[in-house]
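Report on the structure given below.
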Amino acid sequence: MADRIEFSRKTKAAIIARAAGKCEACEAVLKPGEGEVDHILPCALGGEPTVANGRLICRVCHAEKTANDIRRIRKADRARDKATGAIAPKQKLKSAGFPVSEKAARRTPKPSLPYRPLYREEQP
Ligand SMILES: [Zn+2]
């Protein structure tokens, strides 16, 4: 998994300016210094630390969002592990097998031919 990349100070400042003192999720009014800059698409799922992928949200919205993100990240981890064979399937595929026909069951096996060498050594 890629390392988490935080927003730069410049990006953070731009996001805070865009929010204009409100939570960008629930529109609650935030005091100066309040609010947290959130990755809309989490880093672990390929989100980048850009102004477009960031938003200023209140503490309540952020806690909710983070819990959801963790669920999504775990799900993505499990899907990747399954796809790459990192975890074994829970059980082997089971086949009913091919039905043996009556005719095949009655058939006597073919007699095997006597042993024959694949090559002969040349006589001098
Ligand atoms: Zn909020």
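Ordering of the structure tokens sets the chain letters (A, B, ...); residue numbers start at 1 within each chain; ligands are numbered from 1 in the order shown.
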Can you list every residue of range 33-71 of chain A that has an atom at most 10 Å from range 76-85 of chain A, with its nearest atom pair and the distance in Å to one decimal, using only C-alpha atoms, ordered by chain then number, as a Markdown table?
| residue | atom | partner | partner_atom | distance |
| --- | --- | --- | --- | --- |
| A:Ala44 | CA | A:Ala76 | CA | 9.2 |
| A:Leu45 | CA | A:Ala76 | CA | 7.9 |
| A:Ile70 | CA | A:Ala76 | CA | 9.8 |
| A:Arg71 | CA | A:Ala76 | CA | 8.7 |
I'd like the contact shell of range 10-27 of chain A - 6 Å cut-off, only C-alpha atoms, skipping same-chain residues fewer than 4 positions apart - returned as an mmCIF file with N, CA and C atoms, in the first residue's frame.
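The result, written out as selection02.cif:
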data_model
loop_
_atom_site.group_PDB
_atom_site.id
_atom_site.type_symbol
_atom_site.label_atom_id
_atom_site.label_comp_id
_atom_site.auth_asym_id
_atom_site.auth_seq_id
_atom_site.Cartn_x
_atom_site.Cartn_y
_atom_site.Cartn_z
ATOM 1 N N VAL A 51 -6.484 19.960 -4.167
ATOM 2 C CA VAL A 51 -7.615 20.786 -3.717
ATOM 3 C C VAL A 51 -8.929 20.115 -4.104
ATOM 4 N N ARG A 55 -11.643 18.513 1.275
ATOM 5 C CA ARG A 55 -12.741 19.381 1.713
ATOM 6 C C ARG A 55 -12.610 19.606 3.203
ATOM 7 N N LEU A 56 -13.125 20.734 3.610
ATOM 8 C CA LEU A 56 -13.102 21.081 5.034
ATOM 9 C C LEU A 56 -14.410 20.601 5.638
ATOM 10 N N ILE A 57 -14.327 19.705 6.613
ATOM 11 C CA ILE A 57 -15.549 19.222 7.248
ATOM 12 C C ILE A 57 -15.421 19.288 8.761
ATOM 13 N N CYS A 58 -16.574 19.283 9.432
ATOM 14 C CA CYS A 58 -16.568 19.376 10.892
ATOM 15 C C CYS A 58 -16.146 18.043 11.491
#
Residue list (strand (DSSP E or B), DSSP) for range 10-72 of chain A, as an MDAnalysis selection string: chainID A and resid 22 29 36:39 54:57
Next, write the just-selected residues to a file, as a PDB file, in the first residue's frame, keeping N, CA and C atoms as the atom set.
ATOM      1  N   LYS A  22     -17.537  27.094   6.562  1.00  0.00           N
ATOM      2  CA  LYS A  22     -18.639  26.128   6.732  1.00  0.00           C
ATOM      3  C   LYS A  22     -18.133  24.721   6.489  1.00  0.00           C
ATOM      4  N   VAL A  29     -21.707  25.905  10.597  1.00  0.00           N
ATOM      5  CA  VAL A  29     -20.770  27.029  10.654  1.00  0.00           C
ATOM      6  C   VAL A  29     -19.608  26.653  11.567  1.00  0.00           C
ATOM      7  N   GLU A  36     -11.751  20.057   9.879  1.00  0.00           N
ATOM      8  CA  GLU A  36     -10.627  19.198   9.507  1.00  0.00           C
ATOM      9  C   GLU A  36     -10.630  19.008   7.998  1.00  0.00           C
ATOM     10  N   VAL A  37      -9.414  19.012   7.422  1.00  0.00           N
ATOM     11  CA  VAL A  37      -9.298  18.812   5.977  1.00  0.00           C
ATOM     12  C   VAL A  37      -9.304  17.307   5.710  1.00  0.00           C
ATOM     13  N   ASP A  38     -10.250  16.886   4.876  1.00  0.00           N
ATOM     14  CA  ASP A  38     -10.508  15.458   4.640  1.00  0.00           C
ATOM     15  C   ASP A  38     -10.197  15.084   3.193  1.00  0.00           C
ATOM     16  N   HIS A  39      -9.673  13.884   3.012  1.00  0.00           N
ATOM     17  CA  HIS A  39      -9.503  13.346   1.657  1.00  0.00           C
ATOM     18  C   HIS A  39     -10.866  12.808   1.217  1.00  0.00           C
ATOM     19  N   GLY A  54      -9.935  17.378  -1.705  1.00  0.00           N
ATOM     20  CA  GLY A  54      -9.992  17.742  -0.296  1.00  0.00           C
ATOM     21  C   GLY A  54     -11.230  18.555   0.013  1.00  0.00           C
ATOM     22  N   ARG A  55     -11.643  18.513   1.275  1.00  0.00           N
ATOM     23  CA  ARG A  55     -12.741  19.381   1.713  1.00  0.00           C
ATOM     24  C   ARG A  55     -12.610  19.606   3.203  1.00  0.00           C
ATOM     25  N   LEU A  56     -13.125  20.734   3.610  1.00  0.00           N
ATOM     26  CA  LEU A  56     -13.102  21.081   5.034  1.00  0.00           C
ATOM     27  C   LEU A  56     -14.410  20.601   5.638  1.00  0.00           C
ATOM     28  N   ILE A  57     -14.327  19.705   6.613  1.00  0.00           N
ATOM     29  CA  ILE A  57     -15.549  19.222   7.248  1.00  0.00           C
ATOM     30  C   ILE A  57     -15.421  19.288   8.761  1.00  0.00           C
TER      31      ILE A  57
END
Give me every helix (DSSP H, G or I) residue in range 7-108 of chain A, going by DSSP on the backbone, as a PyMOL selection string. chain A and resi 9-19+43-45+59-84+102-106
Residue nearest ligand 1 among A:Arg59, A:Arg4, A:Lys90, A:Arg74 (counting only C-alpha atoms and all ligand atoms): A:Arg59
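Residue nearest ligand 1 within the list A:Pro99, A:Ala28, A:Pro111, A:Glu48: A:Ala28 [criterion: smallest interatomic distance, only C-alpha atoms and all ligand atoms].
When only C-alpha atoms are used to compute distances to Thr66 in chain A, the closest of the residues A:Pro42, A:Gly47, A:Pro117, A:Pro109 turns out to be A:Pro42.
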Suppose you want the space between CA of Pro89 in chain A and CA of Ile73 in chain A; what is it in Å?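 Distance reported for this atom pair: 20.3 Å.
The smallest atom-to-atom distance between ligand 1 and any of A:Lys31, A:Arg9, A:His62, A:Lys75, using only C-alpha atoms and all ligand atoms, is found for A:His62.
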Nearest candidate to ligand 1 (options A:Ile5, A:Cys43, A:Val60, A:Ala96; using only C-alpha atoms and all ligand atoms): A:Val60
